[in-house]
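The structure appears right after this line, and notes come after that.
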Amino acid sequence: MSTMSEPAREPIDFSSYPDASGHFGPYGGCFVPETLMTAIRELTEAYARYRLDAEFLAEFDNDCTQFVGRPSPLYLARRWTEKVGGARIYLKREDLNHTGAHKINNALGQALLAKRMGKRRVIAETGAGQHGVATATVAARLGMECVVYMGAEDIQRQSPNVFRMRLLGAEVVPVTSGTRTLKDALNEAMRDWVTNVDETFYIIGTVAGPHPYPMMVRDFQSIIGRETRHQILEQEGRLPDALVACVGGGSNAIGLFHPFLFDSEVQLHGVEAGGYGIDTGQHAAPLCAGKPGVLHGNRTYLMEDEWGQIMGTHSISAGLDYPGVGPEHAWLKDIKRAVYTSVTDDEAMAGFHELTRTEGIIPALETAHALFYAGQLAREMGPGRSIVVNLSGRGDKDLQTVANREGITL
Amino acid sequence: MSRIEARFKALRASRRKALIPYVTAGDPHPGFTVPLLHGLVDAGADIVEIGVPFSDPIGDGPVIQMACERALAHHIGLDDVLAMVRDFRSRDADTPVVLMGYMNPIEVMGHRRFADEAAAAGVDGVLTVDMPPEEMGDFSDCLAAAGLDPIFLIAPTTTEERIRLICDNARGFVYYVSLKGVTGADTMDVDTVAGRVDSIHAVTGLPVGVGFGISSPEMAAKMSRASDAVIVGSVLVRRIAEHGGDDESTLRDVTGLLRAMREAMDTEAEVPA
Ligand SMILES: Cc1ncc(COP(=O)(O)O)c(C=O)c1O
């Protein structure tokens, strides 16, 4: 935020980021072993060609409509808004997409690219299992072999999604190294890619990883923000005052935020997993409490110890349980275009129940973090203003977790 | 002339190939590493490569991942690794030491501080697996200012254009990864490797080492004929992991394996081409 004494700054041309080598200011880039470089180059070139290819984009749009069910509604949560007594709260209903989350937008886009590149095998990492299910789904539809790496811990937490992936014909490989969660699944997927580089396309599930992934995943997910922009102008007649989204790797957040980056009057709020509380150290909030470093192919904020070892994270939601975050978010934080906060497990549970009871929508626990924060923000902002929350996924996958937590046997 | 360069020059004069063992620092416990390094040198190592343990080693297979986990259970940090190098140097002034690891521990220490402290401890070369030449930036200058050699990997998939880029940025030697995969995998064809090494030699005067998947004295001998140096890691680390005995017998076993590799390589060198 500029003060009077600072010289006027040039407005930032957000559309020119990342630069040609994948940097968002000091973040991003392509930090991978040489064994992957040629595959990454091949991917970069293919994506550079197809991202502007009318036929490819038409295929993506058509599948978004016919297979995913887009556009997803922008729904005014009337009862919740009244209850909160503040800004009008709109929900961008990504939970209504086929497979129940925003993840399918990206999985579809990358799988279509893989097909054009002649790859017959796709691999993915998954935490909550939503990205794994989305990838297994598009692989089944396109007739591709699919292998999903998932932390042994997450396989326990998200067993319905494991079964869905297997039904869809994917092989789900439990990862038992390290912390047995999302970061280790990502490590294992990278190792698979290094080994089977010729025939394999790695579909990363969030805006992390080496360039071009953070850009490519953002582009595919930006359909969320583009639709929102159109829909809110239709319903409110003006842009929203704030956008709110949960941030694991950051793909649903950047997908919503990106088409609004130039609109400086629209506040952007990212909500990280506060776990048991930031001061306990048991959380997954690198933007709120981490430091810049290099992991999984890019430079970004990380949760690490004093020697640069990546720390185990904790969140009630498997999909936010990741020690890094997309490099574009790191940059948006530093330049103060977006603000990042955190919400604890308990608060997320409160958000989960609140939406379920007042609107008849059972949200994913990841999304529940954004919902809790949005309620507070709406109250603070007061009536006459509007907020859009990305309802990134539905909560069916989390019923077991919620029941366990509340001592209920299903 | 750097210690690495001098070592390769001496080897060439005596028509021998370099044998470079890799071990993870602090595996299976911190006190084992320095005696092991001396033992490896006694068994015929020309350069030693020390792995800096990292929580997320994406370029490594299960054997070295587990070694990292064993070392990290003892909280081995980069400063501990540098202390081990200092300790090693107090009794061995000549054998070049290469650190191999990942970027993040160095990011935390700071590029300049790391380079200065590593050089002061007696490190000669640095191989950061997840740092390609394109991203080196100021790190390159820091290493150069401290007199450290940047070592890079070249993969079977690396294009000729990139081989040039890598060799332009490398000093000491370059490291050809002899298979598609992570460390510890074991599919490799000697003739293919020989052809690739020749094409790297066509681009650079730097020595070319070959590693990843070399698991027996016979294979070490064959690879040494095709290259300037043989790098062996996972096979030694696996011995350490699987050894149920005390430190002394583990050390005897691991160094025994390296000595057998040395002998096979030296015998191979006497066979006329
Ligand atoms: C419903 C839902 N929301 C959010 C996330 C977090 O991912 P990201 O931050 O990339 O949107 C996940 C990840 O699994 C998810 O399933």
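Letters A, B, ... mark the chains of the structure tokens in the order given; residue numbers begin at 1 per chain; ligand numbers begin at 1, in order shown.
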
Could the residues of chain A that have an atom at most 7 Å from ligand 1 be listed as a Markdown table, each with its closest atom pair and the distance in Å to one decimal, counting only C-alpha atoms and all ligand atoms and ordered by chain and ascending residue number?
| residue | atom | partner | partner_atom_place_in_ligand_line | distance |
| --- | --- | --- | --- | --- |
| A:Ala101 | CA | ligand 1 | 1 (C) | 5.1 |
| A:His102 | CA | ligand 1 | 1 (C) | 6.8 |
| A:Lys103 | CA | ligand 1 | 16 (O) | 6.9 |
| A:Thr126 | CA | ligand 1 | 14 (O) | 6.9 |
| A:Gly127 | CA | ligand 1 | 14 (O) | 5.6 |
| A:Ala128 | CA | ligand 1 | 14 (O) | 4.6 |
| A:Gly129 | CA | ligand 1 | 14 (O) | 6.3 |
| A:Gln130 | CA | ligand 1 | 16 (O) | 4.8 |
| A:His131 | CA | ligand 1 | 14 (O) | 6.1 |
| A:Gly205 | CA | ligand 1 | 10 (O) | 6.6 |
| A:Thr206 | CA | ligand 1 | 10 (O) | 4.2 |
| A:Val207 | CA | ligand 1 | 10 (O) | 6.3 |
| A:Cys246 | CA | ligand 1 | 4 (C) | 6.1 |
| A:Val247 | CA | ligand 1 | 9 (O) | 4.0 |
| A:Gly248 | CA | ligand 1 | 9 (O) | 3.4 |
| A:Gly249 | CA | ligand 1 | 9 (O) | 4.0 |
| A:Gly250 | CA | ligand 1 | 9 (O) | 3.3 |
| A:Ser251 | CA | ligand 1 | 10 (O) | 3.5 |
| A:Asn252 | CA | ligand 1 | 11 (O) | 3.7 |
| A:Ala253 | CA | ligand 1 | 11 (O) | 5.9 |
| A:Ala318 | CA | ligand 1 | 14 (O) | 6.8 |
| A:Gly319 | CA | ligand 1 | 14 (O) | 3.5 |
| A:Leu320 | CA | ligand 1 | 6 (C) | 5.2 |
| A:Ala364 | CA | ligand 1 | 1 (C) | 5.2 |
| A:Glu366 | CA | ligand 1 | 3 (N) | 4.8 |
| A:Thr367 | CA | ligand 1 | 3 (N) | 5.3 |
| A:Ser392 | CA | ligand 1 | 1 (C) | 4.6 |
| A:Gly393 | CA | ligand 1 | 1 (C) | 3.6 |
| A:Arg394 | CA | ligand 1 | 1 (C) | 6.4 |

Taking a cut-off of 8 Å and counting only C-alpha atoms, can you build a table that, for each residue of chain A near chain B, reports the nearest atom pair and how far apart they are in Å (one decimal), sorted by chain then residue number, as CSV?
residue,atom,partner,partner_atom,distance
A:Gly29,CA,B:Glu135,CA,7.3
A:Cys30,CA,B:Glu135,CA,7.3
A:Phe31,CA,B:Asp130,CA,5.0
A:Val32,CA,B:Asp130,CA,4.4
A:Pro33,CA,B:Asp130,CA,4.6
A:Glu34,CA,B:Leu153,CA,6.0
A:Thr35,CA,B:Ala155,CA,5.1
A:Met37,CA,B:Thr158,CA,7.3
A:Thr38,CA,B:Thr158,CA,6.1
A:Ser177,CA,B:Gln65,CA,7.9
A:Gly178,CA,B:Ser55,CA,7.0
A:Asp184,CA,B:Asp56,CA,7.3
A:Asn187,CA,B:Ile58,CA,5.2
A:Glu188,CA,B:Ile58,CA,7.2
A:Met190,CA,B:Ile58,CA,6.5
A:Arg191,CA,B:Ile58,CA,6.1
A:Asp192,CA,B:Gly181,CA,7.8
A:Val194,CA,B:Gly181,CA,5.2
A:Thr195,CA,B:Gly181,CA,3.8
A:Asn196,CA,B:Gly181,CA,7.5
A:Val197,CA,B:Lys180,CA,7.8
A:Gly293,CA,B:Asn104,CA,5.7
A:Val294,CA,B:Asn104,CA,5.1
A:Leu295,CA,B:Asn104,CA,6.9
A:His296,CA,B:Ile58,CA,7.9
A:Gly297,CA,B:Asp130,CA,7.3
A:Glu306,CA,B:Val108,CA,7.4
A:Trp307,CA,B:Gly77,CA,5.5
A:Gly308,CA,B:Pro105,CA,4.3
A:Gln309,CA,B:Ser55,CA,5.4
A:Ile310,CA,B:Ser55,CA,5.9

Include N, CA, C and O atoms and write out the residues we just selected as a CSV table (one decimal), in the first residue's frame.
chain,number,residue,atom,x,y,z
A,29,GLY,N,10.1,-20.2,-11.3
A,29,GLY,CA,11.3,-20.8,-12.0
A,29,GLY,C,11.1,-22.3,-12.2
A,29,GLY,O,10.0,-22.8,-12.1
A,30,CYS,N,12.3,-22.9,-12.5
A,30,CYS,CA,12.2,-24.3,-12.9
A,30,CYS,C,13.4,-25.0,-12.3
A,30,CYS,O,14.4,-25.2,-12.9
A,31,PHE,N,13.3,-25.4,-11.0
A,31,PHE,CA,14.3,-26.1,-10.3
A,31,PHE,C,14.1,-27.6,-10.3
A,31,PHE,O,13.5,-28.1,-9.4
A,32,VAL,N,14.5,-28.2,-11.4
A,32,VAL,CA,14.3,-29.7,-11.4
A,32,VAL,C,15.6,-30.4,-11.8
A,32,VAL,O,16.5,-29.8,-12.4
A,33,PRO,N,15.7,-31.7,-11.5
A,33,PRO,CA,16.9,-32.4,-11.9
A,33,PRO,C,17.0,-32.4,-13.4
A,33,PRO,O,16.0,-32.4,-14.1
A,34,GLU,N,18.2,-32.5,-13.9
A,34,GLU,CA,18.4,-32.5,-15.4
A,34,GLU,C,17.7,-33.6,-16.1
A,34,GLU,O,17.3,-33.5,-17.2
A,35,THR,N,17.4,-34.7,-15.3
A,35,THR,CA,16.7,-35.8,-15.9
A,35,THR,C,15.3,-35.5,-16.3
A,35,THR,O,14.7,-36.2,-17.1
A,37,MET,N,14.6,-32.2,-17.5
A,37,MET,CA,14.6,-30.9,-18.2
A,37,MET,C,14.0,-31.0,-19.6
A,37,MET,O,13.3,-30.2,-20.1
A,38,THR,N,14.4,-32.1,-20.3
A,38,THR,CA,13.9,-32.2,-21.7
A,38,THR,C,12.4,-32.4,-21.7
A,38,THR,O,11.7,-31.8,-22.6
A,177,SER,N,7.0,-42.9,2.2
A,177,SER,CA,8.2,-42.2,2.6
A,177,SER,C,7.8,-40.8,3.2
A,177,SER,O,6.7,-40.4,3.1
A,178,GLY,N,8.8,-40.3,3.9
A,178,GLY,CA,8.6,-38.9,4.6
A,178,GLY,C,7.4,-38.9,5.5
A,178,GLY,O,7.2,-39.7,6.3
A,184,ASP,N,4.9,-35.8,-0.2
A,184,ASP,CA,5.6,-37.1,-0.5
A,184,ASP,C,5.1,-37.7,-1.7
A,184,ASP,O,5.8,-38.4,-2.5
A,187,ASN,N,6.7,-36.0,-4.5
A,187,ASN,CA,8.0,-36.5,-4.7
A,187,ASN,C,8.0,-37.8,-5.6
A,187,ASN,O,8.7,-37.9,-6.5
A,188,GLU,N,7.1,-38.6,-5.2
A,188,GLU,CA,7.0,-40.0,-5.8
A,188,GLU,C,6.5,-39.8,-7.3
A,188,GLU,O,7.0,-40.5,-8.1
A,190,MET,N,7.1,-37.3,-9.2
A,190,MET,CA,8.3,-36.8,-9.9
A,190,MET,C,9.2,-37.9,-10.3
A,190,MET,O,9.8,-37.9,-11.4
A,191,ARG,N,9.4,-38.8,-9.3
A,191,ARG,CA,10.4,-39.9,-9.6
A,191,ARG,C,9.8,-40.8,-10.7
A,191,ARG,O,10.6,-41.3,-11.5
A,192,ASP,N,8.5,-41.0,-10.6
A,192,ASP,CA,7.9,-41.8,-11.7
A,192,ASP,C,8.2,-41.1,-13.1
A,192,ASP,O,8.6,-41.8,-14.0
A,194,VAL,N,10.5,-39.0,-13.9
A,194,VAL,CA,11.9,-39.1,-14.3
A,194,VAL,C,12.2,-40.5,-15.0
A,194,VAL,O,12.9,-40.6,-16.0
A,195,THR,N,11.5,-41.5,-14.4
A,195,THR,CA,11.8,-42.9,-14.9
A,195,THR,C,11.1,-43.3,-16.2
A,195,THR,O,11.6,-44.0,-17.0
A,196,ASN,N,9.9,-42.7,-16.3
A,196,ASN,CA,9.0,-43.1,-17.5
A,196,ASN,C,8.8,-41.9,-18.4
A,196,ASN,O,7.7,-41.8,-18.9
A,197,VAL,N,9.8,-41.1,-18.5
A,197,VAL,CA,9.6,-39.8,-19.1
A,197,VAL,C,9.1,-39.8,-20.6
A,197,VAL,O,8.3,-38.9,-21.0
A,293,GLY,N,11.9,-20.4,0.0
A,293,GLY,CA,12.9,-21.5,-0.3
A,293,GLY,C,12.6,-22.2,-1.6
A,293,GLY,O,11.8,-21.7,-2.4
A,294,VAL,N,13.3,-23.3,-1.8
A,294,VAL,CA,13.1,-24.0,-3.1
A,294,VAL,C,12.5,-25.5,-2.8
A,294,VAL,O,13.2,-26.2,-2.1
A,295,LEU,N,11.4,-25.8,-3.4
A,295,LEU,CA,10.8,-27.1,-3.2
A,295,LEU,C,10.0,-27.4,-4.5
A,295,LEU,O,9.3,-26.6,-5.0
A,296,HIS,N,10.0,-28.7,-4.9
A,296,HIS,CA,9.2,-29.2,-6.0
A,296,HIS,C,9.2,-28.3,-7.2
A,296,HIS,O,8.2,-28.0,-7.8
A,297,GLY,N,10.4,-27.8,-7.5
A,297,GLY,CA,10.6,-27.2,-8.8
A,297,GLY,C,10.5,-25.7,-8.8
A,297,GLY,O,10.6,-25.1,-9.9
A,306,GLU,N,15.0,-24.8,10.7
A,306,GLU,CA,16.1,-23.9,10.6
A,306,GLU,C,17.2,-24.4,9.6
A,306,GLU,O,18.1,-23.6,9.2
A,307,TRP,N,17.2,-25.7,9.3
A,307,TRP,CA,18.2,-26.2,8.4
A,307,TRP,C,17.6,-26.4,7.0
A,307,TRP,O,18.3,-27.1,6.1
A,308,GLY,N,16.4,-25.9,6.7
A,308,GLY,CA,15.9,-26.0,5.3
A,308,GLY,C,15.3,-27.4,5.0
A,308,GLY,O,15.0,-27.7,3.9
A,309,GLN,N,15.1,-28.2,6.1
A,309,GLN,CA,14.3,-29.4,5.9
A,309,GLN,C,12.8,-29.1,5.9
A,309,GLN,O,12.4,-28.2,6.7
A,310,ILE,N,12.1,-29.7,5.0
A,310,ILE,CA,10.6,-29.4,4.9
A,310,ILE,C,9.9,-30.0,6.1
A,310,ILE,O,10.1,-31.2,6.4

Q: Determine the nearest neighbour of Tyr149 of chain A from the options A:Leu113, A:Leu186, A:Ile278, A:Ala134, counting only C-alpha atoms.
A: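 Result for the nearest residue to Tyr149 of chain A: A:Leu186.
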
Q: Please measure the separation of atom CA of His230 of chain A and atom CA of Arg218 of chain A, giving the value in Å to one decimal.
A: 18.3 Å

Q: Write down as a ChimeraX atom specification the residues of segment 37-273 of chain B whose backbone DSSP state falls under alpha helix (DSSP H).
A: /B:37-42,62-72,78-89,103-109,111-121,138-145,160-169,190-201,217-226,234-242,247-270

Q | Exercise: segment 87-101 of chain B partners within 10 Å, only C-alpha atoms, chain neighbours under 3 positions left out, as JSON, numbers by chain | A | {"B": [2, 3, 4, 5, 6, 7, 20, 22, 23, 24, 25, 33, 34, 35, 36, 37, 38, 41, 45, 46, 47, 48, 49, 50, 51, 52, 53, 54, 57, 59, 78, 81, 82, 83, 84, 104, 105, 106, 118, 121, 122, 123, 124, 125, 126, 127, 128, 129, 130, 131, 148, 149, 150, 151, 172]}

**Q.** Interatomic distance (Å, one decimal) between atom CA of Asp189 of chain B and atom CA of Val63 of chain B
**A.**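 Atom CA of Val63 of chain B lies 21.7 Å from atom CA of Asp189 of chain B.
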
Q) So which residues touch Glu160 of chain B within 9 Å, counting only C-alpha atoms, skipping near sequence neighbours fewer than 4 positions away, as a list in words? A)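 Selected residues are Arg164, Leu165, Ser199, Ile200 and Val203 of chain B.
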
Create the file for the chosen residues now, containing all heavy atoms and written as a compact mmCIF listing (two decimals), in the first residue's frame.
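Written output follows (result.txt):
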# COMPACT_ATOMS: atom_id res chain seq x y z
N ARG B 164 25.88 -28.37 -24.22
CA ARG B 164 26.79 -27.22 -24.35
C ARG B 164 26.60 -26.23 -23.22
O ARG B 164 27.55 -25.76 -22.61
CB ARG B 164 26.56 -26.50 -25.68
CG ARG B 164 27.18 -27.20 -26.84
CD ARG B 164 26.88 -26.49 -28.16
NE ARG B 164 26.98 -27.44 -29.25
CZ ARG B 164 28.14 -27.90 -29.72
NH1 ARG B 164 29.29 -27.45 -29.25
NH2 ARG B 164 28.16 -28.80 -30.67
N LEU B 165 25.33 -25.91 -22.94
CA LEU B 165 25.01 -24.95 -21.87
C LEU B 165 25.57 -25.45 -20.54
O LEU B 165 26.19 -24.68 -19.78
CB LEU B 165 23.49 -24.77 -21.78
CG LEU B 165 23.00 -23.95 -20.58
CD1 LEU B 165 23.24 -22.47 -20.84
CD2 LEU B 165 21.52 -24.22 -20.30
N SER B 199 29.91 -38.24 -27.13
CA SER B 199 29.32 -37.01 -27.65
C SER B 199 29.48 -35.85 -26.65
O SER B 199 29.53 -34.69 -27.05
CB SER B 199 27.85 -37.23 -28.04
OG SER B 199 27.08 -37.52 -26.91
N ILE B 200 29.59 -36.17 -25.37
CA ILE B 200 29.88 -35.10 -24.40
C ILE B 200 31.35 -34.66 -24.55
O ILE B 200 31.66 -33.47 -24.53
CB ILE B 200 29.59 -35.56 -22.95
CG1 ILE B 200 28.11 -35.94 -22.80
CG2 ILE B 200 29.94 -34.45 -21.95
CD1 ILE B 200 27.76 -36.65 -21.50
N VAL B 203 32.13 -32.02 -26.96
CA VAL B 203 31.71 -30.67 -26.64
C VAL B 203 32.62 -30.01 -25.61
O VAL B 203 32.78 -28.80 -25.56
CB VAL B 203 30.25 -30.70 -26.09
CG1 VAL B 203 29.85 -29.38 -25.50
CG2 VAL B 203 29.29 -31.13 -27.19

Q) So, counting only C-alpha atoms, which residue among A:Leu268, A:Ile155, A:Ile316, A:Met303 is closest to Arg337 of chain A? A)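 The answer is A:Leu268, which sits nearest to Arg337 of chain A.
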